[in-house]
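> Structure file entry_37.cif (mmCIF, C-alpha atoms) right here:
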data_structure
loop_
_atom_site.group_PDB
_atom_site.id
_atom_site.type_symbol
_atom_site.label_atom_id
_atom_site.label_comp_id
_atom_site.auth_asym_id
_atom_site.auth_seq_id
_atom_site.Cartn_x
_atom_site.Cartn_y
_atom_site.Cartn_z
ATOM 1 C CA MET A 1152 22.064 20.363 5.011
ATOM 2 C CA ARG A 1153 20.275 23.539 4.198
ATOM 3 C CA THR A 1154 18.127 23.423 1.080
ATOM 4 C CA LYS A 1155 16.408 26.408 -0.463
ATOM 5 C CA ARG A 1156 13.732 26.360 -3.133
ATOM 6 C CA ARG A 1157 14.103 28.754 -5.973
ATOM 7 C CA THR A 1158 11.067 30.462 -7.422
ATOM 8 C CA THR A 1159 10.786 32.883 -10.309
ATOM 9 C CA GLN A 1160 8.210 35.624 -10.677
ATOM 10 C CA LEU A 1161 7.378 37.045 -14.064
ATOM 11 C CA LEU A 1162 6.426 40.702 -13.935
ATOM 12 C CA ALA A 1163 4.695 42.609 -16.711
ATOM 13 C CA ALA A 1164 4.114 46.321 -17.015
ATOM 14 C CA SER A 1165 2.049 48.312 -19.502
ATOM 15 C CA LEU A 1166 1.280 51.989 -19.927
ATOM 16 C CA LEU A 1167 -1.854 53.434 -21.461
ATOM 17 C CA GLY A 1168 -0.926 56.443 -23.623
ATOM 18 C CA PHE A 1169 -3.089 59.243 -24.936
ATOM 19 C CA THR A 1170 -2.559 62.424 -26.968
ATOM 20 C CA LEU A 1171 -3.813 65.947 -26.488
ATOM 21 C CA LEU A 1172 -4.812 67.819 -29.620
ATOM 22 C CA GLY A 1173 -4.475 71.622 -29.498
ATOM 23 C CA LEU A 1174 -7.119 73.611 -31.455
ATOM 24 C CA SER A 1175 -6.641 77.157 -32.776
ATOM 25 C CA GLY A 1176 -7.888 79.526 -35.526
ATOM 26 C CA LEU A 1177 -7.370 83.054 -36.886
ATOM 27 C CA SER A 1178 -10.997 84.101 -36.833
ATOM 28 C CA GLY A 1179 -13.338 81.786 -35.048
ATOM 29 C CA THR A 1180 -12.981 78.161 -33.896
ATOM 30 C CA ALA A 1181 -12.466 75.129 -36.129
ATOM 31 C CA ALA A 1182 -12.607 71.526 -34.883
ATOM 32 C CA ALA A 1183 -10.371 68.806 -36.266
ATOM 33 C CA ASP A 1184 -12.914 66.021 -35.993
ATOM 34 C CA ASP A 1185 -11.024 63.515 -38.096
ATOM 35 C CA ALA A 1186 -7.423 64.156 -36.925
ATOM 36 C CA PRO A 1187 -5.353 60.923 -36.856
ATOM 37 C CA ASP A 1188 -4.194 59.521 -33.480
ATOM 38 C CA ASP A 1189 -0.452 59.391 -32.755
ATOM 39 C CA GLY A 1190 0.945 56.872 -30.249
ATOM 40 C CA VAL A 1191 4.289 55.704 -28.909
ATOM 41 C CA ASP A 1192 4.860 52.081 -27.992
ATOM 42 C CA VAL A 1193 6.334 51.842 -24.489
ATOM 43 C CA SER A 1194 7.896 48.547 -23.350
ATOM 44 C CA VAL A 1195 9.966 47.343 -20.443
ATOM 45 C CA ASN A 1196 11.869 44.110 -19.789
ATOM 46 C CA ILE A 1197 11.896 43.387 -16.055
ATOM 47 C CA ALA A 1198 14.369 40.722 -14.964
ATOM 48 C CA PRO A 1199 13.333 38.225 -12.287
ATOM 49 C CA ILE A 1200 14.190 39.185 -8.748
ATOM 50 C CA GLY A 1201 17.518 37.616 -7.808
ATOM 51 C CA GLN A 1202 17.284 34.488 -5.668
ATOM 52 C CA PRO A 1203 19.905 33.222 -3.214
ATOM 53 C CA GLY A 1204 22.099 30.337 -4.345
ATOM 54 C CA GLU A 1205 21.999 26.867 -2.850
ATOM 55 C CA LEU A 1206 24.074 23.769 -2.173
ATOM 56 C CA THR A 1207 22.583 20.582 -3.645
ATOM 57 C CA MET A 1208 23.423 16.948 -4.351
ATOM 58 C CA THR A 1209 21.886 14.686 -7.005
ATOM 59 C CA VAL A 1210 22.507 11.089 -8.051
ATOM 60 C CA ALA A 1211 22.322 10.102 -11.719
ATOM 61 C CA ASP A 1212 19.253 8.117 -12.748
ATOM 62 C CA ASN A 1213 19.947 4.441 -12.212
ATOM 63 C CA THR A 1214 18.361 1.050 -11.671
ATOM 64 C CA GLY A 1215 20.810 0.056 -8.976
ATOM 65 C CA VAL A 1216 24.300 -1.453 -9.132
ATOM 66 C CA ALA A 1217 24.721 -5.165 -9.888
ATOM 67 C CA LEU A 1218 28.151 -6.245 -8.667
ATOM 68 C CA GLN A 1219 29.906 -8.806 -10.854
ATOM 69 C CA GLU A 1220 32.553 -11.313 -9.793
ATOM 70 C CA ASN A 1221 35.958 -9.989 -10.721
ATOM 71 C CA GLY A 1222 39.371 -10.604 -9.160
ATOM 72 C CA SER A 1223 38.475 -13.543 -6.887
ATOM 73 C CA THR A 1224 41.305 -15.662 -5.473
ATOM 74 C CA ALA A 1225 41.638 -18.879 -3.537
ATOM 75 C CA THR A 1226 41.309 -16.965 -0.278
ATOM 76 C CA ALA A 1227 38.655 -14.351 -1.131
ATOM 77 C CA ARG A 1228 35.825 -13.767 -3.564
ATOM 78 C CA GLN A 1229 35.505 -10.275 -5.022
ATOM 79 C CA PHE A 1230 32.576 -8.590 -6.767
ATOM 80 C CA THR A 1231 32.969 -5.149 -8.363
ATOM 81 C CA GLY A 1232 30.881 -2.348 -9.847
ATOM 82 C CA ALA A 1233 30.658 1.442 -10.065
ATOM 83 C CA LEU A 1234 28.645 3.976 -8.101
ATOM 84 C CA PRO A 1235 26.342 6.120 -10.299
ATOM 85 C CA THR A 1236 27.670 9.631 -10.849
ATOM 86 C CA VAL A 1237 26.980 11.994 -7.962
ATOM 87 C CA THR A 1238 26.755 15.735 -8.686
ATOM 88 C CA VAL A 1239 27.303 18.437 -6.077
ATOM 89 C CA SER A 1240 26.436 22.011 -7.076
ATOM 90 C CA ASP A 1241 27.096 25.172 -5.076
ATOM 91 C CA THR A 1242 25.617 28.359 -6.556
ATOM 92 C CA ARG A 1243 25.901 30.543 -3.457
ATOM 93 C CA ASP A 1244 27.703 33.872 -3.322
ATOM 94 C CA PRO A 1245 30.985 33.315 -1.448
ATOM 95 C CA GLU A 1246 30.277 36.485 0.539
ATOM 96 C CA ASP A 1247 27.114 34.844 1.904
ATOM 97 C CA ILE A 1248 28.943 31.748 3.174
ATOM 98 C CA PRO A 1249 29.948 31.870 6.860
ATOM 99 C CA ALA A 1250 33.681 31.747 7.539
ATOM 100 C CA GLY A 1251 34.975 28.222 8.028
ATOM 101 C CA GLU A 1252 31.923 26.488 6.542
ATOM 102 C CA TYR A 1253 32.572 23.218 4.707
ATOM 103 C CA TRP A 1254 30.491 20.546 2.995
ATOM 104 C CA ALA A 1255 30.931 16.798 2.612
ATOM 105 C CA VAL A 1256 29.173 13.840 0.982
ATOM 106 C CA VAL A 1257 29.443 10.581 2.900
ATOM 107 C CA GLY A 1258 28.241 7.057 2.187
ATOM 108 C CA GLN A 1259 27.178 4.180 4.400
ATOM 109 C CA ALA A 1260 25.971 0.719 3.378
ATOM 110 C CA SER A 1261 23.375 -1.442 5.054
ATOM 111 C CA GLN A 1262 23.742 -5.166 5.627
ATOM 112 C CA PHE A 1263 23.488 -7.382 2.543
ATOM 113 C CA VAL A 1264 20.483 -9.688 2.973
ATOM 114 C CA ALA A 1265 19.845 -12.759 0.829
ATOM 115 C CA THR A 1266 16.625 -12.786 -1.178
ATOM 116 C CA GLY A 1267 14.148 -15.169 0.433
ATOM 117 C CA ASN A 1268 16.343 -15.853 3.441
ATOM 118 C CA ALA A 1269 16.732 -12.949 5.844
ATOM 119 C CA SER A 1270 18.978 -15.003 8.106
ATOM 120 C CA LYS A 1271 21.662 -15.191 5.405
ATOM 121 C CA THR A 1272 23.614 -11.919 5.421
ATOM 122 C CA ILE A 1273 26.910 -10.226 4.516
ATOM 123 C CA GLY A 1274 27.966 -7.287 6.674
ATOM 124 C CA PRO A 1275 28.552 -3.802 5.173
ATOM 125 C CA GLU A 1276 32.155 -3.998 6.390
ATOM 126 C CA TYR A 1277 32.841 -6.288 3.417
ATOM 127 C CA LEU A 1278 31.992 -3.520 0.910
ATOM 128 C CA GLY A 1279 34.734 -1.038 0.065
ATOM 129 C CA TRP A 1280 35.077 1.798 -2.423
ATOM 130 C CA LYS A 1281 37.560 4.021 -4.198
ATOM 131 C CA PRO A 1282 36.091 7.549 -4.786
ATOM 132 C CA ARG A 1283 37.093 9.388 -7.950
ATOM 133 C CA LEU A 1284 36.565 13.107 -8.678
ATOM 134 C CA LEU A 1285 35.416 13.447 -12.295
ATOM 135 C CA THR A 1286 35.449 17.271 -12.391
ATOM 136 C CA ASP A 1287 38.692 19.158 -11.879
ATOM 137 C CA SER A 1288 38.810 21.413 -8.845
ATOM 138 C CA GLN A 1289 40.046 24.867 -9.888
ATOM 139 C CA THR A 1290 41.586 25.610 -6.505
ATOM 140 C CA GLY A 1291 42.102 22.156 -5.045
ATOM 141 C CA ALA A 1292 39.567 22.939 -2.315
ATOM 142 C CA VAL A 1293 37.291 20.100 -3.502
ATOM 143 C CA ALA A 1294 38.686 16.570 -3.267
ATOM 144 C CA ALA A 1295 37.531 12.953 -3.392
ATOM 145 C CA GLY A 1296 37.630 10.847 -0.250
ATOM 146 C CA GLU A 1297 40.284 8.223 0.451
ATOM 147 C CA PRO A 1298 39.749 4.586 -0.605
ATOM 148 C CA VAL A 1299 38.269 2.171 1.928
ATOM 149 C CA SER A 1300 38.826 -1.588 1.687
ATOM 150 C CA SER A 1301 36.698 -4.502 2.819
ATOM 151 C CA VAL A 1302 37.705 -6.023 6.149
ATOM 152 C CA ILE A 1303 39.272 -8.640 3.908
ATOM 153 C CA SER A 1304 42.177 -6.551 2.675
ATOM 154 C CA ASP A 1305 42.486 -5.819 -1.024
ATOM 155 C CA GLY A 1306 46.246 -5.405 -0.671
ATOM 156 C CA THR A 1307 46.285 -1.668 -1.412
ATOM 157 C CA GLY A 1308 46.915 -0.539 2.155
ATOM 158 C CA ALA A 1309 43.518 1.207 2.368
ATOM 159 C CA PRO A 1310 41.825 1.073 5.807
ATOM 160 C CA ASN A 1311 40.090 -2.301 6.252
ATOM 161 C CA VAL A 1312 36.825 -0.935 7.630
ATOM 162 C CA GLY A 1313 34.380 -1.165 4.722
ATOM 163 C CA LEU A 1314 31.298 1.031 4.519
ATOM 164 C CA GLN A 1315 29.750 0.037 7.848
ATOM 165 C CA GLY A 1316 30.213 3.635 9.031
ATOM 166 C CA GLN A 1317 29.964 6.938 7.192
ATOM 167 C CA GLU A 1318 32.911 7.194 4.805
ATOM 168 C CA LEU A 1319 33.870 10.284 2.803
ATOM 169 C CA LEU A 1320 33.010 10.399 -0.917
ATOM 170 C CA VAL A 1321 33.874 14.050 -1.670
ATOM 171 C CA SER A 1322 34.262 17.271 0.298
ATOM 172 C CA ALA A 1323 35.229 20.943 0.232
ATOM 173 C CA ALA A 1324 37.558 21.978 3.045
ATOM 174 C CA ASN A 1325 36.281 25.570 2.925
ATOM 175 C CA SER A 1326 33.078 26.188 0.964
ATOM 176 C CA ALA A 1327 33.854 29.815 0.115
ATOM 177 C CA ASP A 1328 37.135 28.884 -1.589
ATOM 178 C CA GLU A 1329 35.441 27.385 -4.636
ATOM 179 C CA ILE A 1330 31.948 27.731 -6.105
ATOM 180 C CA GLY A 1331 30.714 25.531 -8.930
ATOM 181 C CA THR A 1332 29.560 22.033 -9.881
ATOM 182 C CA TRP A 1333 31.489 18.806 -9.374
ATOM 183 C CA GLN A 1334 30.851 15.193 -10.327
ATOM 184 C CA VAL A 1335 32.204 12.165 -8.507
ATOM 185 C CA ASN A 1336 31.735 8.404 -8.531
ATOM 186 C CA ALA A 1337 33.464 5.432 -6.932
ATOM 187 C CA ASP A 1338 34.655 1.949 -7.751
ATOM 188 C CA LEU A 1339 32.839 -0.526 -5.488
ATOM 189 C CA ALA A 1340 34.304 -3.825 -4.345
ATOM 190 C CA LEU A 1341 32.656 -6.482 -2.189
ATOM 191 C CA ARG A 1342 35.315 -8.861 -0.820
ATOM 192 C CA THR A 1343 34.118 -11.881 1.139
ATOM 193 C CA GLN A 1344 35.468 -15.164 2.433
ATOM 194 C CA ALA A 1345 36.043 -17.796 -0.214
ATOM 195 C CA ASP A 1346 33.313 -19.996 1.296
ATOM 196 C CA VAL A 1347 30.603 -17.294 1.331
ATOM 197 C CA ALA A 1348 27.117 -18.808 0.978
ATOM 198 C CA ALA A 1349 25.658 -18.652 -2.520
ATOM 199 C CA GLY A 1350 22.619 -16.452 -3.111
ATOM 200 C CA GLU A 1351 21.349 -13.097 -4.340
ATOM 201 C CA TYR A 1352 22.063 -10.378 -1.773
ATOM 202 C CA HIS A 1353 20.795 -6.812 -1.536
ATOM 203 C CA SER A 1354 22.103 -3.776 0.357
ATOM 204 C CA THR A 1355 21.324 -0.050 0.336
ATOM 205 C CA LEU A 1356 24.140 2.463 -0.002
ATOM 206 C CA THR A 1357 22.940 5.768 1.472
ATOM 207 C CA LEU A 1358 24.606 9.038 0.419
ATOM 208 C CA SER A 1359 24.240 12.160 2.557
ATOM 209 C CA LEU A 1360 25.314 15.770 2.007
ATOM 210 C CA PHE A 1361 26.375 17.697 5.109
ATOM 211 C CA ASN A 1362 26.915 21.454 5.258
ATOM 212 C CA GLN A 1363 28.611 22.514 8.498
ATOM 213 C CA ASN A 1364 30.859 25.115 10.090
#
Write the structure described by the file as structure tokens, please.

Amino acid sequence: MRTKRRTTQLLAASLLGFTLLGLSGLSGTAAADDAPDDGVDVSVNIAPIGQPGELTMTVADNTGVALQENGSTATARQFTGALPTVTVSDTRDPEDIPAGEYWAVVGQASQFVATGNASKTIGPEYLGWKPRLLTDSQTGAVAAGEPVSSVISDGTGAPNVGLQGQELLVSAANSADEIGTWQVNADLALRTQADVAAGEYHSTLTLSLFNQN
């Protein structure tokens, strides 16, 4: 990912004006000692120097995601929640984007570890998601990733691989095709065996923005 900082310079300009007073007379010289001063106000509005655009990703403020049991069966327990809204913004000039460049946001979960008992874990392959693009793509160049199921199938036909590897959340096939801002989130679902050990588990879901050609 290439990130550029934007800075703004404020420029001010002022001109000091003065007047010349011509003196003349028919017979002799007369001075206009008390002649009033005349002045013209001169102003200029100088716009900031243009800065190059940038490609950025932000995650909405959050205190984490607490998955709640929902949809459990006799053969599997399921816990669901929603990923905080992720915003991708591309303000670059399409003419400045190299041909064939694309960007993608991917996610990968760490192992769930039980509080107070590091030996009690649930692998990231049990956590799946269903990405959802919240902002319409004007050209169709930006799209949400495909759903990924836990290794314990959710019955939808989605790949049963979970988030143990980097899975696609959202991407643009060709960056220059569409410039703008897009928001995306995902439904999360942790599906485990029915006899999973009780406890409070914690995992970290890492999101990364890649910009490649």
> For the provided coordinates, the residues matched by the PyMOL selection byres ((chain A and resi 1279) around 7) should be stated as a list of chain:residue names.
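Those residues are A:Tyr1277, A:Leu1278, A:Trp1280, A:Val1299, A:Ser1300, A:Ser1301, A:Gly1313, A:Leu1314, A:Leu1339, A:Ala1340, A:Leu1341.
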> In Å, rounded to a single decimal, give me how far atom CA of Ala1295 of chain A is from atom CA of Gly1331 of chain A.
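Computed distance, atom CA of Gly1331 of chain A to atom CA of Ala1295 of chain A, equals 15.3 Å.
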> Figure out the distance between atom CA of Asp1305 of chain A and atom CA of Leu1358 of chain A, please, to one decimal in Å.
23.3 Å
> Need to verify the contact set: Asp1328 of chain A, 8 Å, all atoms listed in the file, exclusion of same-chain residues closer than 4 positions in sequence. Can you return it as a ChimeraX atom specification?
/A:1245,1290,1292
> Which residue gives the smallest distance to Thr1272 of chain A among A:Asp1212, A:Glu1351, A:Asp1244, A:Asp1287, with all atoms listed in the file counted?
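The answer is A:Glu1351, which sits nearest to Thr1272 of chain A.
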